[in-house]
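Undergrad: Below is a structure I'd like to ask you about.
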Amino acid sequence: MTQTAGVYILLGLAFVAANLPFLFERVLFVVRPAGGVKNFAWRLLELLLLYFAVGALAQVLEVRAHGSAYPQNWEFYATTLSLFIVFAYPGFVYRYLWQGRRRRAAAVSA
């Protein structure tokens with residue numbers, strides 16, 4: 001696998017991971033919440049945890065490819081977190097905008 005292919009695979013994995021909190025109703029993908037519906041704060045916490053998990057995987061791959069990881073400053077983390085949040089936008093739209101419109105339309109037609 002070339003380095004370019006690895007970067008694309010990592011970006012694809014980041015895209016999938018960023019959308020996971022909005023697709024599942026279980027807290028941390030294991031525990032069903034007390035009210036049956038996971039609130040937005042849990043989704044943000046899961047998004048942050050998945051950001052760190054993908055970042056750790058990226059660092060492992062970098063160390064494996066180059067022998068050491070290049071030291072990063074806060075600008076790198078601010079940029080990658082922003083990119084991760086942008087990747088999460090389709091899941092957010094699906095959960096809060098598209099599904100909400102479908103529920104309202106179903107309630108009006110009933």
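Here, A, B, ... name the chains of the structure tokens in the order displayed, residue numbers run from 1 inside each chain, and ligands are numbered from 1 in the same displayed order.
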Do you know which residues are at most 10 Å from stretch 8-14 of chain A counting only C-alpha atoms, after dropping those on the same chain fewer than 2 positions away, and could you put them as a PyMOL selection string?
TA: chain A and resi 3-6+16-19+50-51+53-55+57-58+61+83-84+87-88
Undergrad: Please return, as a ChimeraX atom specification, all residues of chain A that DSSP assigns to helix (DSSP H, G or I) on the basis of the backbone.
TA: /A:3-23,40-66,74-87,89-109
Undergrad: Show which residues sit within 8 Å of A:Pro21, as a ChimeraX atom specification. Count only C-alpha atoms, and ignore same-chain residues fewer than 5 positions away.
TA: /A:43-44,46-47,91
Undergrad: Would you output that residue set with C-alpha atoms, as a short mmCIF file (atom, residue, chain, number, x, y, z; two decimals), in the first residue's frame?
TA:
data_model
loop_
_atom_site.label_atom_id
_atom_site.label_comp_id
_atom_site.auth_asym_id
_atom_site.auth_seq_id
_atom_site.Cartn_x
_atom_site.Cartn_y
_atom_site.Cartn_z
CA ARG A 43 -23.07 12.68 20.79
CA LEU A 44 -20.47 15.44 21.20
CA GLU A 46 -18.52 10.40 21.45
CA LEU A 47 -17.40 12.64 18.58
CA GLY A 91 -24.69 12.55 10.24
#
Undergrad: At what distance in Å, to one decimal, does atom CA of A:Phe40 lie from atom CA of A:Val27?
TA: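 The value is 10.8 Å.
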